[in-house]
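Coordinates from query-v3.txt are shown below (compact mmCIF, C-alpha atoms).
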```txt
# COMPACT_ATOMS: atom_id res chain seq x y z
CA MET A 1 8.15 -14.65 -27.78
CA GLU A 2 8.12 -11.06 -28.99
CA ALA A 3 7.35 -8.62 -26.20
CA VAL A 4 3.91 -7.07 -26.31
CA THR A 5 3.51 -3.59 -24.86
CA PHE A 6 0.38 -1.98 -23.48
CA ARG A 7 -1.86 -0.47 -26.12
CA PRO A 8 -3.04 3.09 -25.35
CA ASP A 9 -6.38 1.79 -24.03
CA LEU A 10 -4.55 -0.57 -21.65
CA SER A 11 -2.39 2.31 -20.47
CA ARG A 12 -5.55 4.24 -19.63
CA ALA A 13 -6.86 1.17 -17.82
CA ALA A 14 -3.67 1.02 -15.77
CA ALA A 15 -4.08 4.66 -14.82
CA GLY A 16 -7.65 3.95 -13.74
CA LEU A 17 -6.49 1.05 -11.59
CA LEU A 18 -3.97 3.27 -9.86
CA ALA A 19 -6.70 5.80 -9.07
CA ALA A 20 -8.92 3.01 -7.73
CA ALA A 21 -6.14 1.94 -5.38
CA GLU A 22 -6.82 4.99 -3.24
CA THR A 23 -10.21 3.60 -2.23
CA ALA A 24 -10.25 -0.10 -1.33
CA GLU A 25 -9.39 -3.60 -2.53
CA PRO A 26 -12.91 -4.48 -3.84
CA ARG A 27 -13.04 -1.42 -6.06
CA SER A 28 -9.55 -2.14 -7.39
CA LEU A 29 -10.60 -5.73 -8.21
CA ASN A 30 -13.75 -4.54 -9.96
CA ARG A 31 -11.73 -2.16 -12.07
CA LEU A 32 -9.24 -4.93 -12.88
CA VAL A 33 -11.85 -7.42 -14.12
CA ASN A 34 -13.79 -4.83 -16.11
CA ASP A 35 -10.63 -3.62 -17.83
CA ALA A 36 -9.54 -7.22 -18.53
CA ALA A 37 -12.91 -8.11 -20.05
CA ARG A 38 -12.69 -5.10 -22.35
CA GLN A 39 -9.01 -5.09 -23.21
CA VAL A 40 -7.62 -8.64 -23.31
CA PRO A 41 -7.93 -10.19 -26.79
CA GLY A 42 -10.48 -13.02 -26.93
CA CYS A 43 -11.80 -12.34 -23.42
CA SER A 44 -15.59 -12.30 -22.97
CA ALA A 45 -15.64 -12.06 -19.16
CA ALA A 46 -13.18 -11.95 -16.27
CA ALA A 47 -12.93 -12.63 -12.55
CA ALA A 48 -10.29 -11.77 -9.97
CA VAL A 49 -9.59 -13.18 -6.52
CA ILE A 50 -7.28 -11.99 -3.75
CA TRP A 51 -5.75 -14.88 -1.82
CA ARG A 52 -4.22 -14.19 1.58
CA ASP A 53 -2.52 -16.90 3.66
CA GLY A 54 -3.96 -19.57 1.39
CA GLU A 55 -7.56 -18.35 1.61
CA PRO A 56 -9.68 -16.30 -0.83
CA VAL A 57 -10.52 -13.00 0.90
CA ALA A 58 -11.93 -10.79 -1.88
CA PHE A 59 -13.60 -11.45 -5.21
CA ALA A 60 -14.90 -9.54 -8.23
CA ALA A 61 -16.42 -10.64 -11.54
CA SER A 62 -17.61 -8.95 -14.71
CA HIS A 63 -20.47 -11.46 -15.17
CA PRO A 64 -22.89 -12.99 -12.61
CA ALA A 65 -22.19 -16.56 -13.80
CA LEU A 66 -18.50 -16.45 -12.89
CA PRO A 67 -18.67 -16.81 -9.08
CA GLY A 68 -19.82 -20.40 -9.61
CA LEU A 69 -16.74 -21.19 -11.71
CA ILE A 70 -14.48 -19.83 -8.98
CA GLU A 71 -16.43 -21.62 -6.23
CA VAL A 72 -16.17 -25.03 -7.91
CA GLN A 73 -12.38 -24.70 -8.12
CA VAL A 74 -12.10 -23.74 -4.45
CA ARG A 75 -14.42 -26.56 -3.40
CA CYS A 76 -12.63 -29.22 -5.48
CA GLU A 77 -9.20 -27.74 -4.76
CA GLN A 78 -8.29 -27.94 -8.44
CA GLY A 79 -8.68 -25.81 -11.55
CA PRO A 80 -6.76 -23.35 -13.71
CA MET A 81 -6.99 -20.59 -11.09
CA LEU A 82 -5.42 -22.76 -8.37
CA ASP A 83 -2.74 -24.06 -10.76
CA ALA A 84 -1.80 -20.49 -11.66
CA ILE A 85 -1.49 -19.57 -7.99
CA ARG A 86 0.52 -22.69 -7.10
CA THR A 87 2.96 -22.44 -10.00
CA ALA A 88 3.00 -18.66 -10.55
CA GLN A 89 2.58 -19.50 -14.25
CA PRO A 90 -0.42 -18.94 -16.54
CA ALA A 91 -2.83 -21.88 -16.68
CA SER A 92 -4.71 -22.21 -19.95
CA CYS A 93 -7.71 -24.26 -20.94
CA PRO A 94 -7.93 -24.00 -24.75
CA ASP A 95 -11.25 -25.89 -25.00
CA THR A 96 -13.36 -26.92 -22.03
CA LEU A 97 -15.05 -29.55 -24.21
CA GLU A 98 -11.70 -31.37 -24.44
CA GLU A 99 -10.39 -30.56 -20.95
CA GLY A 100 -9.38 -33.57 -18.82
CA ARG A 101 -7.17 -32.01 -16.13
CA TRP A 102 -9.97 -30.26 -14.24
CA PRO A 103 -13.20 -32.22 -14.90
CA GLU A 104 -15.40 -30.45 -12.35
CA PHE A 105 -14.34 -27.04 -13.63
CA ALA A 106 -14.84 -28.10 -17.25
CA VAL A 107 -18.39 -29.32 -16.60
CA ALA A 108 -19.31 -26.14 -14.73
CA ALA A 109 -17.75 -23.97 -17.44
CA LEU A 110 -19.60 -25.73 -20.26
CA ARG A 111 -22.88 -25.22 -18.42
CA GLN A 112 -22.20 -21.48 -18.49
CA GLY A 113 -21.22 -21.44 -22.15
CA VAL A 114 -17.49 -20.99 -21.43
CA ARG A 115 -15.36 -22.71 -24.07
CA CYS A 116 -11.89 -21.56 -23.00
CA SER A 117 -10.17 -19.93 -20.06
CA LEU A 118 -6.89 -18.45 -18.95
CA SER A 119 -5.72 -17.75 -15.40
CA ALA A 120 -2.68 -15.71 -14.39
CA ALA A 121 -1.50 -14.98 -10.85
CA HIS A 122 0.71 -12.38 -9.23
CA PRO A 123 2.07 -13.65 -5.89
CA SER A 124 3.55 -11.33 -3.28
CA GLY A 125 4.56 -13.01 -0.03
CA ALA A 126 1.51 -14.50 1.66
CA GLU A 127 -0.79 -12.70 -0.78
CA ALA A 128 -1.66 -13.37 -4.41
CA VAL A 129 -3.97 -11.83 -6.97
CA CYS A 130 -5.35 -14.18 -9.61
CA LEU A 131 -7.02 -12.96 -12.79
CA SER A 132 -9.17 -15.50 -14.66
CA LEU A 133 -10.29 -14.82 -18.22
CA PHE A 134 -13.09 -16.64 -20.02
CA GLY A 135 -13.96 -16.93 -23.71
CA ALA A 136 -17.20 -17.92 -25.41
CA ARG A 137 -15.38 -19.72 -28.23
CA PRO A 138 -12.58 -22.33 -28.02
CA ARG A 139 -8.95 -21.27 -28.43
CA THR A 140 -9.67 -17.54 -28.50
CA LEU A 141 -7.33 -16.78 -25.57
CA GLY A 142 -4.03 -17.18 -27.40
CA PRO A 143 -0.42 -16.07 -26.82
CA GLU A 144 -1.22 -12.35 -27.07
CA SER A 145 -3.93 -12.80 -24.45
CA VAL A 146 -1.44 -14.54 -22.16
CA THR A 147 1.09 -11.74 -22.43
CA VAL A 148 -1.44 -8.97 -21.87
CA ALA A 149 -3.09 -10.87 -19.01
CA GLU A 150 0.29 -11.33 -17.29
CA ARG A 151 1.05 -7.63 -17.60
CA LEU A 152 -2.39 -6.65 -16.37
CA VAL A 153 -2.45 -8.99 -13.37
CA ALA A 154 1.07 -7.93 -12.38
CA PHE A 155 0.07 -4.30 -12.38
CA GLY A 156 -3.24 -5.16 -10.75
CA GLY A 157 -1.44 -7.09 -8.03
CA GLU A 158 0.75 -4.10 -7.23
CA VAL A 159 -2.30 -1.82 -7.20
CA VAL A 160 -4.24 -4.12 -4.88
CA GLY A 161 -1.21 -4.12 -2.59
CA ILE A 162 -1.27 -0.33 -2.61
CA ALA A 163 -5.00 -0.39 -1.87
CA SER A 164 -4.46 -2.81 1.00
CA GLY A 165 -1.69 -0.66 2.46
CA TYR A 166 -3.74 2.47 1.94
CA GLY A 167 -6.72 0.90 3.70
CA GLU A 168 -4.54 -0.21 6.59
CA ALA A 169 -3.08 3.28 6.87
CA ARG A 170 -6.57 4.76 6.92
CA ARG A 171 -7.65 2.33 9.64
CA THR A 172 -4.58 3.17 11.70
CA ALA A 173 -5.20 6.89 11.26
CA ALA A 174 -8.83 6.45 12.29
CA GLN A 175 -7.79 4.50 15.39
CA LEU A 176 -5.30 7.18 16.34
CA ARG A 177 -7.90 9.89 15.79
CA ASP A 178 -10.45 8.03 17.91
CA ALA A 179 -7.87 7.50 20.63
CA ALA A 180 -7.00 11.19 20.65
CA GLN A 181 -10.67 12.15 20.82
CA SER A 182 -11.29 9.69 23.66
CA ARG A 183 -8.29 11.04 25.56
CA ALA A 184 -9.60 14.59 25.14
CA VAL A 185 -13.02 13.61 26.53
CA VAL A 186 -11.45 11.78 29.49
CA ASP A 187 -9.20 14.77 30.26
CA GLN A 188 -12.18 17.11 30.13
CA ALA A 189 -14.18 14.86 32.45
CA LYS A 190 -11.25 14.68 34.87
CA GLY A 191 -11.17 18.47 35.01
CA ILE A 192 -14.88 18.63 35.76
CA LEU A 193 -14.58 16.07 38.58
CA MET A 194 -11.53 17.79 40.06
CA HIS A 195 -13.52 21.01 40.24
CA ALA A 196 -16.77 19.40 41.48
CA LEU A 197 -15.19 17.03 44.03
CA GLY A 198 -12.12 19.03 44.97
CA CYS A 199 -9.85 16.10 44.18
CA SER A 200 -6.65 15.42 42.27
CA ALA A 201 -6.42 14.23 38.67
CA ASP A 202 -5.51 10.72 39.80
CA GLU A 203 -8.48 10.60 42.17
CA ALA A 204 -10.81 11.84 39.42
CA LEU A 205 -9.61 9.09 37.08
CA ARG A 206 -9.95 6.49 39.84
CA ARG A 207 -13.54 7.65 40.39
CA MET A 208 -14.35 7.29 36.68
CA ARG A 209 -12.89 3.79 36.62
CA GLN A 210 -14.95 2.85 39.67
CA ILE A 211 -18.14 4.07 37.97
CA SER A 212 -17.09 2.21 34.81
CA GLN A 213 -16.90 -1.08 36.69
CA GLU A 214 -20.08 -0.50 38.69
CA ARG A 215 -22.19 0.50 35.64
CA ASN A 216 -20.53 -1.84 33.12
CA LEU A 217 -19.57 1.13 30.97
CA LYS A 218 -16.37 2.04 29.20
CA VAL A 219 -14.35 4.79 30.84
CA THR A 220 -14.85 6.89 27.72
CA GLU A 221 -18.63 6.47 28.04
CA VAL A 222 -18.47 7.57 31.68
CA ALA A 223 -16.37 10.57 30.64
CA ALA A 224 -18.87 11.50 27.92
CA ARG A 225 -21.73 11.44 30.43
CA ILE A 226 -19.74 13.59 32.85
CA THR A 227 -19.02 16.19 30.18
CA ASP A 228 -22.74 16.22 29.39
CA ASP A 229 -24.20 18.25 32.27
CA SER A 230 -27.53 16.39 32.11
CA GLY A 231 -25.82 13.01 32.44
CA ARG A 232 -24.01 13.62 35.72
CA SER A 233 -27.00 13.15 37.97
CA GLY A 234 -27.52 9.64 36.55
CA LEU A 235 -24.02 8.75 37.71
CA GLY A 236 -24.62 10.15 41.18
CA LEU A 237 -22.26 13.07 40.61
CA PRO A 238 -22.78 16.74 41.44
CA ARG A 239 -23.85 18.97 38.56
```
As structure tokens - that is how I would like this structure written.
Amino acid sequence: MEAVTFRPDLSRAAAGLLAAAETAEPRSLNRLVNDAARQVPGCSAAAAVIWRDGEPVAFAASHPALPGLIEVQVRCEQGPMLDAIRTAQPASCPDTLEEGRWPEFAVAALRQGVRCSLSAAHPSGAEAVCLSLFGARPRTLGPESVTVAERLVAFGGEVVGIASGYGEARRTAAQLRDAAQSRAVVDQAKGILMHALGCSADEALRRMRQISQERNLKVTEVAARITDDSGRSGLGLPR
């Protein structure tokens, strides 16, 4: 098959996906399905699912009728989306009116006016991104659609991976920041207790832990009350 390259509009879509990766997985998926619905030949609507450890964890669709078509495949454990994920090859349904491999999917698709579909997956370890395309007329998702869909889902899969890593990095940074802030509050409270009680740093920390257990509070909450002058009396500490 002759190689098909991105058209200029698909190149712009790819750039938009990369920008979306700096936010979160759902936004990246939304951008992926909207670009697919606009750019893939013969595609009337699109849906994308992130699978992680064999379970769907995120979903986006360009049309409100599509979640039902994804749900019926997950429930019946069969359909073009699942075949694409299992085989890492595109799964095509040229005409849902003639489809016999996935009867439940075909019935649900016909009810929504879907006459053909194409699913392509991009696996990466325990994670996979699957892009499902739907057409309103039979046999409109042909070879060119397959090639473009494969390119788009491959790039989308890499972008979603970037988004996932970026989100994890942000969560780690936030945890480190919170830990540093908590440590600063605890150190400040220790200094206040050392001055008020004339004790060592270890004794001040022991006192905070004792209050934490007695009042069913976190040590950081005890420390915050100590640093707040009005909160010390409620803990039975000198002000």
Atom pair CA of Pro94 (chain A) + CA of Pro138 (chain A), distance 5.9 Å
Applying 8 Å and all atoms listed in the file, which residues near region 79-89 of chain A remain after dropping the ones on its own chain fewer than 6 positions away? List them as JSON, numbers by chain.
{"A": [70, 73, 101, 102, 105, 117, 118, 119, 120, 121, 122, 123, 128, 130, 131, 132]}
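Relative to CA of Thr220 (chain A), CA of Arg183 (chain A) is found at 8.1 Å.
Separating CA of Pro56 (chain A) from CA of Leu29 (chain A) is a distance of 12.9 Å.
Among the candidates A:Ser212, A:Ala224, A:Arg52, A:Ala149, the one nearest to Val185 (chain A) when counting all atoms listed in the file is A:Ala224.
Shortest atom-to-atom contact with Arg139 (chain A) among A:Asp95, A:Glu77, A:Asp187, A:Glu55: A:Asp95, counting only C-alpha atoms.
Between Ala46 (chain A) and the residues A:Gln210, A:Ser200, A:Glu98, A:Leu133, the shortest atom-to-atom distance, using only C-alpha atoms, involves A:Leu133.
Counting all atoms listed in the file and comparing A:Cys76, A:Val107, A:Ala154, A:Val148, the residue that lies closest to Ala37 (chain A) is A:Val148.
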